[in-house]
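For reference, model_9.pdb (PDB, C-alpha atoms):
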```pdb
MODEL        1
ATOM      1  CA  MET A   1     144.670 112.185 136.666
ATOM      2  CA  LYS A   2     146.757 110.853 133.810
ATOM      3  CA  VAL A   3     145.129 110.846 130.449
ATOM      4  CA  ARG A   4     146.383 109.746 127.064
ATOM      5  CA  VAL A   5     145.346 111.478 123.875
ATOM      6  CA  LEU A   6     145.799 109.766 120.539
ATOM      7  CA  VAL A   7     145.734 112.155 117.605
ATOM      8  CA  ARG A   8     145.582 110.731 114.096
ATOM      9  CA  LEU A   9     144.867 111.925 110.602
ATOM     10  CA  LYS A  10     141.244 111.428 109.638
ATOM     11  CA  PRO A  11     140.522 108.400 107.492
ATOM     12  CA  GLY A  12     140.786 109.315 103.849
ATOM     13  CA  ILE A  13     143.444 111.967 104.366
ATOM     14  CA  LEU A  14     146.636 110.862 102.687
ATOM     15  CA  ASP A  15     149.324 110.174 105.289
ATOM     16  CA  VAL A  16     152.539 110.717 103.345
ATOM     17  CA  GLN A  17     154.625 110.125 106.439
ATOM     18  CA  GLY A  18     152.947 106.768 107.060
ATOM     19  CA  ALA A  19     153.453 105.819 103.414
ATOM     20  CA  ALA A  20     157.175 106.603 103.657
ATOM     21  CA  VAL A  21     157.518 104.535 106.824
ATOM     22  CA  GLN A  22     155.662 101.688 105.166
ATOM     23  CA  ARG A  23     158.023 101.815 102.194
ATOM     24  CA  ALA A  24     161.019 101.793 104.534
ATOM     25  CA  LEU A  25     159.632  98.769 106.333
ATOM     26  CA  ALA A  26     159.135  97.019 103.007
ATOM     27  CA  GLY A  27     162.800  97.721 102.306
ATOM     28  CA  LEU A  28     163.669  95.965 105.569
ATOM     29  CA  GLY A  29     161.756  92.916 104.497
ATOM     30  CA  PHE A  30     158.427  93.786 106.064
ATOM     31  CA  GLY A  31     156.517  93.580 102.830
ATOM     32  CA  ASP A  32     153.586  92.127 104.726
ATOM     33  CA  VAL A  33     152.551  95.540 106.071
ATOM     34  CA  ARG A  34     149.125  96.179 104.566
ATOM     35  CA  ALA A  35     148.644  99.706 105.871
ATOM     36  CA  LEU A  36     150.448 102.050 108.207
ATOM     37  CA  ARG A  37     149.532 105.464 109.509
ATOM     38  CA  VAL A  38     151.522 107.669 111.855
ATOM     39  CA  GLY A  39     149.815 109.579 114.645
ATOM     40  CA  LYS A  40     150.695 111.395 117.831
ATOM     41  CA  LEU A  41     150.472 110.479 121.489
ATOM     42  CA  VAL A  42     149.994 113.235 124.061
ATOM     43  CA  GLU A  43     150.203 112.331 127.736
ATOM     44  CA  VAL A  44     148.443 114.784 130.003
ATOM     45  CA  ASP A  45     148.434 114.799 133.788
ATOM     46  CA  VAL A  46     145.468 116.952 134.715
ATOM     47  CA  ASP A  47     144.373 118.070 138.142
ATOM     48  CA  ALA A  48     140.750 116.903 138.234
ATOM     49  CA  PRO A  49     138.451 115.417 140.891
ATOM     50  CA  THR A  50     137.099 112.623 138.723
ATOM     51  CA  ALA A  51     137.999 110.758 135.573
ATOM     52  CA  ALA A  52     134.966 112.269 133.840
ATOM     53  CA  ALA A  53     136.078 115.772 134.772
ATOM     54  CA  ALA A  54     139.580 115.049 133.507
ATOM     55  CA  ARG A  55     138.196 113.731 130.252
ATOM     56  CA  ALA A  56     136.011 116.806 129.779
ATOM     57  CA  ARG A  57     138.961 119.132 130.334
ATOM     58  CA  VAL A  58     141.196 117.205 127.957
ATOM     59  CA  ASP A  59     138.423 117.091 125.378
ATOM     60  CA  GLU A  60     138.347 120.880 125.464
ATOM     61  CA  MET A  61     142.139 120.964 125.156
ATOM     62  CA  CYS A  62     141.900 118.754 122.074
ATOM     63  CA  ARG A  63     139.323 120.946 120.410
ATOM     64  CA  ARG A  64     141.225 124.127 121.159
ATOM     65  CA  LEU A  65     144.821 123.091 120.571
ATOM     66  CA  LEU A  66     145.944 119.465 120.714
ATOM     67  CA  ALA A  67     144.181 118.384 117.517
ATOM     68  CA  ASN A  68     143.390 120.228 114.310
ATOM     69  CA  THR A  69     139.933 118.822 113.715
ATOM     70  CA  ILE A  70     140.054 119.780 110.045
ATOM     71  CA  LEU A  71     142.704 117.107 109.575
ATOM     72  CA  GLU A  72     142.734 115.006 112.697
ATOM     73  CA  ASP A  73     140.562 112.829 114.925
ATOM     74  CA  TYR A  74     141.413 112.269 118.544
ATOM     75  CA  THR A  75     140.596 109.742 121.222
ATOM     76  CA  ILE A  76     141.025 110.205 124.946
ATOM     77  CA  GLU A  77     141.961 107.275 127.144
ATOM     78  CA  ALA A  78     142.567 107.004 130.873
ATOM     79  CA  ASP A  79     146.188 106.077 131.372
ATOM     80  CA  GLU A  80     145.648 102.940 133.429
ATOM     81  CA  ALA A  81     149.342 102.163 133.782
ATOM     82  CA  GLY A  82     149.968 105.682 135.009
ATOM     83  CA  ARG A  83     147.222 105.415 137.571
ATOM     84  CA  LEU A  84     148.490 102.134 138.966
ATOM     85  CA  ALA A  85     152.090 103.175 139.245
ATOM     86  CA  PRO A  86     152.919 105.550 142.098
ATOM     87  CA  PRO A  87     155.029 108.596 141.166
ATOM     88  CA  GLY A  88     158.678 107.674 140.731
ATOM     89  CA  ALA A  89     157.973 103.956 140.633
ATOM     90  CA  VAL A  90     160.185 101.859 138.394
ATOM     91  CA  ARG A  91     158.121 100.153 135.760
TER
ATOM     92  CA  MET B   1     150.024 152.908 105.508
ATOM     93  CA  ARG B   2     151.205 151.720 108.890
ATOM     94  CA  PHE B   3     152.549 148.197 108.934
ATOM     95  CA  GLY B   4     153.208 145.901 111.869
ATOM     96  CA  VAL B   5     155.431 142.848 111.473
ATOM     97  CA  VAL B   6     154.681 140.224 114.098
ATOM     98  CA  VAL B   7     157.608 138.458 115.728
ATOM     99  CA  PHE B   8     157.180 135.080 117.405
ATOM    100  CA  PRO B   9     160.005 133.093 118.920
ATOM    101  CA  GLY B  10     161.291 131.278 115.837
ATOM    102  CA  THR B  11     160.057 133.722 113.183
ATOM    103  CA  TRP B  12     162.646 134.199 110.475
ATOM    104  CA  SER B  13     161.184 136.421 107.750
ATOM    105  CA  ASP B  14     160.414 139.349 110.056
ATOM    106  CA  CYS B  15     163.567 141.289 109.152
ATOM    107  CA  ASP B  16     163.006 140.719 105.428
ATOM    108  CA  PHE B  17     159.472 142.089 105.621
ATOM    109  CA  HIS B  18     160.602 145.005 107.769
ATOM    110  CA  TYR B  19     163.389 145.812 105.317
ATOM    111  CA  VAL B  20     161.152 145.654 102.241
ATOM    112  CA  ILE B  21     158.442 147.791 103.830
ATOM    113  CA  SER B  22     160.805 150.433 105.219
ATOM    114  CA  GLU B  23     163.532 150.519 102.550
ATOM    115  CA  VAL B  24     161.831 149.446  99.333
ATOM    116  CA  VAL B  25     158.192 150.420  99.765
ATOM    117  CA  ARG B  26     159.134 153.217 102.157
ATOM    118  CA  GLN B  27     156.242 153.005 104.564
ATOM    119  CA  PRO B  28     156.169 153.261 108.357
ATOM    120  CA  VAL B  29     156.662 149.851 109.949
ATOM    121  CA  LYS B  30     157.283 148.461 113.396
ATOM    122  CA  TYR B  31     157.789 145.081 114.943
ATOM    123  CA  VAL B  32     154.946 143.665 117.045
ATOM    124  CA  TRP B  33     155.905 141.159 119.730
ATOM    125  CA  HIS B  34     153.719 138.053 119.942
ATOM    126  CA  ARG B  35     152.505 138.953 123.421
ATOM    127  CA  ASP B  36     151.221 142.377 122.325
ATOM    128  CA  ARG B  37     147.493 142.854 121.812
ATOM    129  CA  ASP B  38     147.422 146.503 120.865
ATOM    130  CA  LEU B  39     147.108 146.814 117.088
ATOM    131  CA  ALA B  40     145.119 150.052 117.118
ATOM    132  CA  ASP B  41     147.733 152.154 115.336
ATOM    133  CA  LEU B  42     148.203 149.732 112.436
ATOM    134  CA  ASP B  43     146.592 149.389 109.015
ATOM    135  CA  CYS B  44     148.225 146.130 107.999
ATOM    136  CA  VAL B  45     149.597 143.318 110.156
ATOM    137  CA  ILE B  46     152.129 140.929 108.632
ATOM    138  CA  LEU B  47     152.557 137.377 109.944
ATOM    139  CA  PRO B  48     155.928 136.393 108.485
ATOM    140  CA  GLY B  49     157.395 132.980 107.773
ATOM    141  CA  GLY B  50     159.575 130.901 110.020
ATOM    142  CA  PHE B  51     159.063 128.310 112.690
ATOM    143  CA  SER B  52     157.010 130.018 115.368
ATOM    144  CA  TYR B  53     157.406 128.231 118.691
ATOM    145  CA  GLY B  54     159.495 125.663 116.832
ATOM    146  CA  ASP B  55     156.323 124.570 115.013
ATOM    147  CA  TYR B  56     155.767 122.269 117.974
ATOM    148  CA  LEU B  57     152.627 120.128 117.848
ATOM    149  CA  ARG B  58     151.731 121.368 114.342
ATOM    150  CA  ALA B  59     153.063 124.193 112.169
ATOM    151  CA  GLY B  60     151.521 127.408 113.483
ATOM    152  CA  ALA B  61     149.465 125.657 116.158
ATOM    153  CA  VAL B  62     150.894 127.369 119.223
ATOM    154  CA  ALA B  63     151.270 130.744 117.505
ATOM    155  CA  GLY B  64     147.644 130.472 116.387
ATOM    156  CA  ARG B  65     146.617 130.791 120.046
ATOM    157  CA  SER B  66     149.038 133.579 121.008
ATOM    158  CA  PRO B  67     147.869 136.950 122.378
ATOM    159  CA  VAL B  68     148.655 138.869 119.187
ATOM    160  CA  VAL B  69     146.729 136.408 117.038
ATOM    161  CA  GLU B  70     143.794 136.467 119.429
ATOM    162  CA  ALA B  71     143.756 140.239 118.985
ATOM    163  CA  LEU B  72     143.647 139.838 115.210
ATOM    164  CA  SER B  73     139.944 138.846 115.181
ATOM    165  CA  GLU B  74     138.941 142.258 116.410
ATOM    166  CA  PHE B  75     141.479 143.967 114.149
ATOM    167  CA  VAL B  76     140.106 142.101 111.134
ATOM    168  CA  ALA B  77     136.480 142.792 112.098
ATOM    169  CA  GLY B  78     137.355 146.486 112.131
ATOM    170  CA  GLY B  79     138.598 146.287 108.537
ATOM    171  CA  GLY B  80     142.292 145.880 109.289
ATOM    172  CA  LEU B  81     144.407 144.056 106.731
ATOM    173  CA  VAL B  82     146.362 140.902 107.573
ATOM    174  CA  LEU B  83     148.912 139.214 105.357
ATOM    175  CA  GLY B  84     150.266 135.829 106.439
ATOM    176  CA  SER B  85     153.055 134.329 104.385
ATOM    177  CA  CYS B  86     154.366 130.773 104.800
ATOM    178  CA  ASN B  87     154.271 130.108 108.548
ATOM    179  CA  GLY B  88     151.943 133.113 108.730
ATOM    180  CA  PHE B  89     149.467 131.306 106.441
ATOM    181  CA  GLN B  90     149.708 128.221 108.667
ATOM    182  CA  ILE B  91     149.040 130.387 111.715
ATOM    183  CA  LEU B  92     145.991 132.042 110.116
ATOM    184  CA  CYS B  93     144.508 128.625 109.323
ATOM    185  CA  GLU B  94     145.280 127.298 112.795
ATOM    186  CA  ALA B  95     143.631 130.359 114.310
ATOM    187  CA  GLY B  96     140.536 129.868 112.161
ATOM    188  CA  LEU B  97     140.953 133.238 110.437
ATOM    189  CA  LEU B  98     141.217 131.369 107.154
ATOM    190  CA  PRO B  99     139.585 128.033 106.321
ATOM    191  CA  GLY B 100     141.446 124.778 105.749
ATOM    192  CA  ALA B 101     144.815 123.600 106.962
ATOM    193  CA  LEU B 102     148.377 123.152 105.774
ATOM    194  CA  MET B 103     149.994 119.779 106.047
ATOM    195  CA  ARG B 104     153.226 117.975 105.227
ATOM    196  CA  ASN B 105     154.309 118.368 101.594
ATOM    197  CA  GLU B 106     153.204 115.388  99.578
ATOM    198  CA  CYS B 107     156.776 114.829  98.373
ATOM    199  CA  LEU B 108     157.924 114.802 102.022
ATOM    200  CA  GLN B 109     160.743 117.165 101.048
ATOM    201  CA  TYR B 110     161.338 120.647 102.302
ATOM    202  CA  ARG B 111     160.880 122.701  99.134
ATOM    203  CA  CYS B 112     162.951 125.832  98.655
ATOM    204  CA  GLN B 113     162.488 126.936  95.063
ATOM    205  CA  SER B 114     161.037 129.486  92.729
ATOM    206  CA  THR B 115     157.380 129.006  91.816
ATOM    207  CA  HIS B 116     155.005 130.513  89.273
ATOM    208  CA  LEU B 117     151.699 131.759  90.605
ATOM    209  CA  LEU B 118     148.596 132.263  88.554
ATOM    210  CA  VAL B 119     146.641 135.276  89.780
ATOM    211  CA  GLU B 120     142.971 134.310  89.979
ATOM    212  CA  ASN B 121     141.499 137.125  91.976
ATOM    213  CA  ALA B 122     142.759 140.653  91.389
ATOM    214  CA  ASP B 123     139.886 142.163  93.304
ATOM    215  CA  THR B 124     141.424 142.090  96.768
ATOM    216  CA  PRO B 125     143.373 144.803  98.608
ATOM    217  CA  PHE B 126     146.465 142.602  98.127
ATOM    218  CA  THR B 127     146.176 142.036  94.387
ATOM    219  CA  ARG B 128     144.464 145.042  92.865
ATOM    220  CA  ALA B 129     147.650 146.124  91.071
ATOM    221  CA  LEU B 130     147.485 142.810  89.206
ATOM    222  CA  ARG B 131     145.125 141.308  86.673
ATOM    223  CA  PRO B 132     143.529 137.860  86.623
ATOM    224  CA  GLY B 133     145.518 135.435  84.527
ATOM    225  CA  GLN B 134     148.814 137.172  85.234
ATOM    226  CA  VAL B 135     151.683 134.909  86.297
ATOM    227  CA  LEU B 136     153.997 135.950  89.120
ATOM    228  CA  THR B 137     157.285 134.411  90.157
ATOM    229  CA  MET B 138     157.966 134.073  93.863
ATOM    230  CA  PRO B 139     159.979 131.689  95.987
ATOM    231  CA  ILE B 140     158.585 129.142  98.411
ATOM    232  CA  SER B 141     160.464 127.674 101.343
ATOM    233  CA  HIS B 142     158.520 125.190 103.415
ATOM    234  CA  GLY B 143     158.037 121.598 104.478
ATOM    235  CA  GLU B 144     154.367 121.889 105.334
ATOM    236  CA  GLY B 145     152.582 123.795 102.627
ATOM    237  CA  LYS B 146     150.103 121.308 101.251
ATOM    238  CA  TYR B 147     146.800 123.110 101.451
ATOM    239  CA  HIS B 148     143.885 120.949 102.514
ATOM    240  CA  ALA B 149     140.202 121.743 102.826
ATOM    241  CA  ASP B 150     137.063 119.623 102.693
ATOM    242  CA  PRO B 151     135.016 119.624  99.454
ATOM    243  CA  GLU B 152     132.407 121.962 100.917
ATOM    244  CA  THR B 153     135.021 124.555 101.878
ATOM    245  CA  LEU B 154     136.654 124.259  98.464
ATOM    246  CA  ARG B 155     133.328 124.830  96.772
ATOM    247  CA  ALA B 156     132.731 127.937  98.878
ATOM    248  CA  LEU B 157     136.226 129.235  98.088
ATOM    249  CA  ARG B 158     135.591 128.789  94.376
ATOM    250  CA  GLN B 159     132.115 130.307  94.433
ATOM    251  CA  GLN B 160     133.269 133.329  96.385
ATOM    252  CA  ASN B 161     136.382 133.695  94.228
ATOM    253  CA  ARG B 162     138.604 133.458  97.275
ATOM    254  CA  VAL B 163     141.463 131.497  95.721
ATOM    255  CA  VAL B 164     143.909 134.276  94.954
ATOM    256  CA  PHE B 165     146.942 132.330  93.724
ATOM    257  CA  ARG B 166     147.437 128.867  92.276
ATOM    258  CA  TYR B 167     150.750 127.166  91.511
ATOM    259  CA  ALA B 168     151.117 127.107  87.745
ATOM    260  CA  THR B 169     153.612 126.799  84.921
ATOM    261  CA  ALA B 170     155.389 129.878  83.583
ATOM    262  CA  GLU B 171     152.619 130.006  80.970
ATOM    263  CA  GLY B 172     149.941 130.039  83.641
ATOM    264  CA  GLU B 173     148.736 126.480  83.274
ATOM    265  CA  VAL B 174     147.606 124.877  86.503
ATOM    266  CA  THR B 175     149.179 121.445  86.252
ATOM    267  CA  ARG B 176     150.208 118.707  88.629
ATOM    268  CA  ILE B 177     153.869 119.139  87.777
ATOM    269  CA  ALA B 178     153.691 122.837  88.708
ATOM    270  CA  ASN B 179     152.393 121.945  92.158
ATOM    271  CA  PRO B 180     155.396 121.849  94.507
ATOM    272  CA  ASN B 181     153.710 120.461  97.597
ATOM    273  CA  GLY B 182     150.558 118.601  96.615
ATOM    274  CA  SER B 183     148.135 121.381  97.573
ATOM    275  CA  VAL B 184     144.550 120.589  96.677
ATOM    276  CA  GLU B 185     143.648 122.277  93.369
ATOM    277  CA  ASN B 186     147.164 123.839  93.324
ATOM    278  CA  ILE B 187     146.049 126.415  95.883
ATOM    279  CA  ALA B 188     148.890 128.714  96.937
ATOM    280  CA  GLY B 189     146.948 131.575  98.532
ATOM    281  CA  ILE B 190     143.422 132.423  99.666
ATOM    282  CA  VAL B 191     141.578 135.372 101.185
ATOM    283  CA  SER B 192     138.969 135.592 103.917
ATOM    284  CA  GLU B 193     135.312 136.124 103.121
ATOM    285  CA  ASP B 194     135.658 139.884 103.562
ATOM    286  CA  GLY B 195     138.861 139.868 101.541
ATOM    287  CA  ASN B 196     141.009 141.595 104.143
ATOM    288  CA  VAL B 197     143.009 138.555 105.267
ATOM    289  CA  LEU B 198     145.423 136.963 102.790
ATOM    290  CA  GLY B 199     147.309 133.756 103.449
ATOM    291  CA  LEU B 200     149.878 132.460 100.982
ATOM    292  CA  MET B 201     152.746 129.992 101.156
ATOM    293  CA  PRO B 202     155.100 131.921  98.796
ATOM    294  CA  HIS B 203     157.337 134.722 100.044
ATOM    295  CA  PRO B 204     156.554 138.123  98.469
ATOM    296  CA  GLU B 205     159.219 139.731 100.676
ATOM    297  CA  ARG B 206     161.883 137.592  99.009
ATOM    298  CA  ALA B 207     160.929 138.842  95.555
ATOM    299  CA  ALA B 208     160.982 142.576  96.107
ATOM    300  CA  GLU B 209     164.245 143.754  94.566
ATOM    301  CA  SER B 210     165.932 142.816  91.318
ATOM    302  CA  ALA B 211     169.049 141.929  93.314
ATOM    303  CA  MET B 212     166.971 139.152  94.884
ATOM    304  CA  GLY B 213     166.104 137.713  91.500
ATOM    305  CA  GLY B 214     162.726 139.305  90.945
ATOM    306  CA  THR B 215     160.304 141.989  92.005
ATOM    307  CA  ASP B 216     156.925 140.309  91.548
ATOM    308  CA  GLY B 217     156.356 140.240  95.292
ATOM    309  CA  LEU B 218     156.373 144.034  95.299
ATOM    310  CA  GLN B 219     153.064 143.980  93.425
ATOM    311  CA  ILE B 220     151.371 142.859  96.609
ATOM    312  CA  PHE B 221     152.754 145.832  98.532
ATOM    313  CA  HIS B 222     151.849 148.205  95.717
ATOM    314  CA  SER B 223     148.322 146.780  95.717
ATOM    315  CA  LEU B 224     148.059 147.444  99.438
ATOM    316  CA  LEU B 225     149.161 151.049  99.038
ATOM    317  CA  GLY B 226     146.795 151.507  96.094
ATOM    318  CA  SER B 227     143.936 150.271  98.254
ATOM    319  CA  LEU B 228     144.751 152.919 100.769
ATOM    320  CA  VAL B 229     144.846 155.702  98.246
ATOM    321  CA  GLU B 230     142.037 154.698  95.927
ATOM    322  CA  ASP B 231     139.171 153.939  98.230
ATOM    323  CA  GLY B 232     140.482 155.285 101.503
ATOM    324  CA  THR B 233     139.081 152.238 103.289
ATOM    325  CA  PHE B 234     141.840 152.273 105.790
ATOM    326  CA  LEU B 235     141.686 155.984 106.443
ATOM    327  CA  LYS B 236     138.114 155.526 107.609
ATOM    328  CA  ARG B 237     139.038 153.059 110.257
TER
ENDMDL
END
```

Could you write out this structure as structure tokens?
Amino acid sequence: MKVRVLVRLKPGILDVQGAAVQRALAGLGFGDVRALRVGKLVEVDVDAPTAAAARARVDEMCRRLLANTILEDYTIEADEAGRLAPPGAVR
Amino acid sequence: MRFGVVVFPGTWSDCDFHYVISEVVRQPVKYVWHRDRDLADLDCVILPGGFSYGDYLRAGAVAGRSPVVEALSEFVAGGGLVLGSCNGFQILCEAGLLPGALMRNECLQYRCQSTHLLVENADTPFTRALRPGQVLTMPISHGEGKYHADPETLRALRQQNRVVFRYATAEGEVTRIANPNGSVENIAGIVSEDGNVLGLMPHPERAAESAMGGTDGLQIFHSLLGSLVEDGTFLKR
């Protein structure tokens, strides 16, 4: 079961990396960027009988390692594209 | 006092700590591999700086779940002393042995420089050779040293006098300009509730001989030895 984890800094925590990227974009003429924050994407392929079971396992992984919940929030999504595409398929 | 210096893949200050403990402080010391769990014959475990496991995911995240760090909970509960410097501080926070977290420096730069540290708490096994208000000079060398904690945690740290060092000017003033990484309230080092775990971003092992530009870091080692002699806490273990 392929699952996607999005890890991002909690709202209110200053994202200096995002601010630097935003400034760089402004330098490229993208002054219309109102806000930008940088996060992480973790793709997990977990051996689980059901989507709910996979989600529960990945949730535990997030709490124990993938996210630092002092700083970060995480969301878990089923990787629909991954589920539709057979292994080795060209996308 | 028997010291153990933990070595992770990617640790870089292990040899410096080992050298200072064996050659300058002249105490028994051995390396402890990150897969080891047996800390029974040690009084003080050092988590040195570096880039454990390449700092993959987050600084100290993977190391914070390693066998040796898992064994630290029991070691600490039994009164053992743990000193984490730089990456070691990040690991202690990731492992939940100290509160809060360390994040990317606010300036986004890797900072390798000398800093002044105001001693706030001289009533720990790591600082008892010092006095509150004293200013130490020690180097930092990190990209992710901005200490963060929620307001509730910060309040608890203040109330329990657990902030040991703050970045300050040479005169001991805690100012924004003296803060090299944007740490909340200029926090450079904290101790655990029981006082036997110290985490700090500066490198005491790099300020332990005059040839290295200063010896203020030695005060931490002298404090540790004084703790051993004065109250015998560690002999009772």

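Straight-line separation from CA of Leu25 (chain A) to CA of Gly12 (chain A): 21.7 Å.
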
| field | Hits from the PyMOL selection byres ((chain A) within 12 of (chain B)), listed as a list of chain:residue names | value |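 Output from the PyMOL selection byres ((chain A) within 12 of (chain B)), applied to this file: A:Val7, A:Leu9, A:Lys10, A:Gly12, A:Ile13, A:Leu14, A:Asp15, A:Val16, A:Gln17, A:Gly18, A:Ala19, A:Ala20, A:Val21, A:Gly39, A:Lys40, A:Leu41, A:Val42, A:Met61, A:Cys62, A:Arg63, A:Arg64, A:Leu65, A:Leu66, A:Ala67, A:Asn68, A:Thr69, A:Ile70, A:Leu71, A:Glu72.
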
| field | Answer key for the PyMOL selection byres ((chain B and resi 200-216) around 7), residues as a count of residues only | value | 21

| field | Ala78 (chain A) surroundings by only C-alpha atoms, 7 Å radius, close-in-sequence under 6 positions cut, as a ChimeraX atom specification | value | /A:2-4

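Between CA of Ala59 (chain B) and CA of Leu92 (chain B) lies a distance of 10.8 Å.
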
| said: Would you compute the distance between CA of Ser66 (chain B) and CA of Asp14 (chain B)? Give it in Å to one decimal. | reply: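 Those two atoms sit 16.8 Å apart.
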
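Once Gly172 (chain B) and its same-chain neighbours fewer than 6 positions away are set aside, His116, Leu117, Leu118, Val119, Gly133, Gln134, Val135, Leu136, Arg166 and Ala178 of chain B remain within 10 Å of it when counting only C-alpha atoms.
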
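Proximity of B:Arg162, B:Lys30, B:Arg37, B:His142 to Ile187 (chain B), computed with all atoms listed in the file, is greatest for B:Arg162.
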
| request: For the structure shown, which residues end up in the PyMOL selection byres ((chain B and resi 87) around 7)? Put them as an NGL selection string, please? | output: :B and (48-51 or 60 or 85-86 or 88-91)

Could region 111-132 of chain B be completed with N, CA and C atoms and written as a compact mmCIF listing (two decimals), in the frame of the given file, please?
```
# COMPACT_ATOMS: atom_id res chain seq x y z
N ARG B 111 160.71 122.12 100.46
CA ARG B 111 160.88 122.70 99.13
C ARG B 111 161.28 124.17 99.23
N CYS B 112 162.45 124.46 98.71
CA CYS B 112 162.95 125.83 98.66
C CYS B 112 163.26 126.10 97.20
N GLN B 113 162.35 126.78 96.52
CA GLN B 113 162.49 126.94 95.06
C GLN B 113 161.65 128.10 94.58
N SER B 114 161.85 128.46 93.34
CA SER B 114 161.04 129.49 92.73
C SER B 114 159.75 128.83 92.22
N THR B 115 158.63 129.54 92.35
CA THR B 115 157.38 129.01 91.82
C THR B 115 156.69 130.08 90.96
N HIS B 116 155.84 129.61 90.06
CA HIS B 116 155.00 130.51 89.27
C HIS B 116 153.61 130.48 89.86
N LEU B 117 153.03 131.65 90.00
CA LEU B 117 151.70 131.76 90.60
C LEU B 117 150.74 132.40 89.63
N LEU B 118 149.64 131.71 89.40
CA LEU B 118 148.60 132.26 88.55
C LEU B 118 147.70 133.13 89.43
N VAL B 119 147.52 134.38 89.03
CA VAL B 119 146.64 135.28 89.78
C VAL B 119 145.19 135.01 89.36
N GLU B 120 144.38 134.60 90.32
CA GLU B 120 142.97 134.31 89.98
C GLU B 120 142.05 135.43 90.38
N ASN B 121 142.37 136.07 91.48
CA ASN B 121 141.50 137.12 91.98
C ASN B 121 142.31 138.40 92.15
N ALA B 122 142.04 139.37 91.31
CA ALA B 122 142.76 140.65 91.39
C ALA B 122 141.87 141.71 92.02
N ASP B 123 140.84 141.24 92.69
CA ASP B 123 139.89 142.16 93.30
C ASP B 123 139.99 142.09 94.82
N THR B 124 141.20 142.06 95.32
CA THR B 124 141.42 142.09 96.77
C THR B 124 142.39 143.24 97.05
N PRO B 125 142.44 143.71 98.29
CA PRO B 125 143.37 144.80 98.61
C PRO B 125 144.83 144.40 98.38
N PHE B 126 145.10 143.09 98.27
CA PHE B 126 146.46 142.60 98.13
C PHE B 126 146.86 142.39 96.67
N THR B 127 145.88 142.41 95.77
CA THR B 127 146.18 142.04 94.39
C THR B 127 145.62 143.02 93.37
N ARG B 128 145.15 144.16 93.82
CA ARG B 128 144.46 145.04 92.86
C ARG B 128 145.40 145.69 91.85
N ALA B 129 146.71 145.62 92.08
CA ALA B 129 147.65 146.12 91.07
C ALA B 129 147.90 145.07 89.99
N LEU B 130 147.27 143.91 90.15
CA LEU B 130 147.49 142.81 89.21
C LEU B 130 146.25 142.63 88.33
N ARG B 131 146.32 141.66 87.45
CA ARG B 131 145.12 141.31 86.67
C ARG B 131 144.97 139.79 86.68
N PRO B 132 143.73 139.31 86.63
CA PRO B 132 143.53 137.86 86.62
C PRO B 132 144.21 137.24 85.41
```
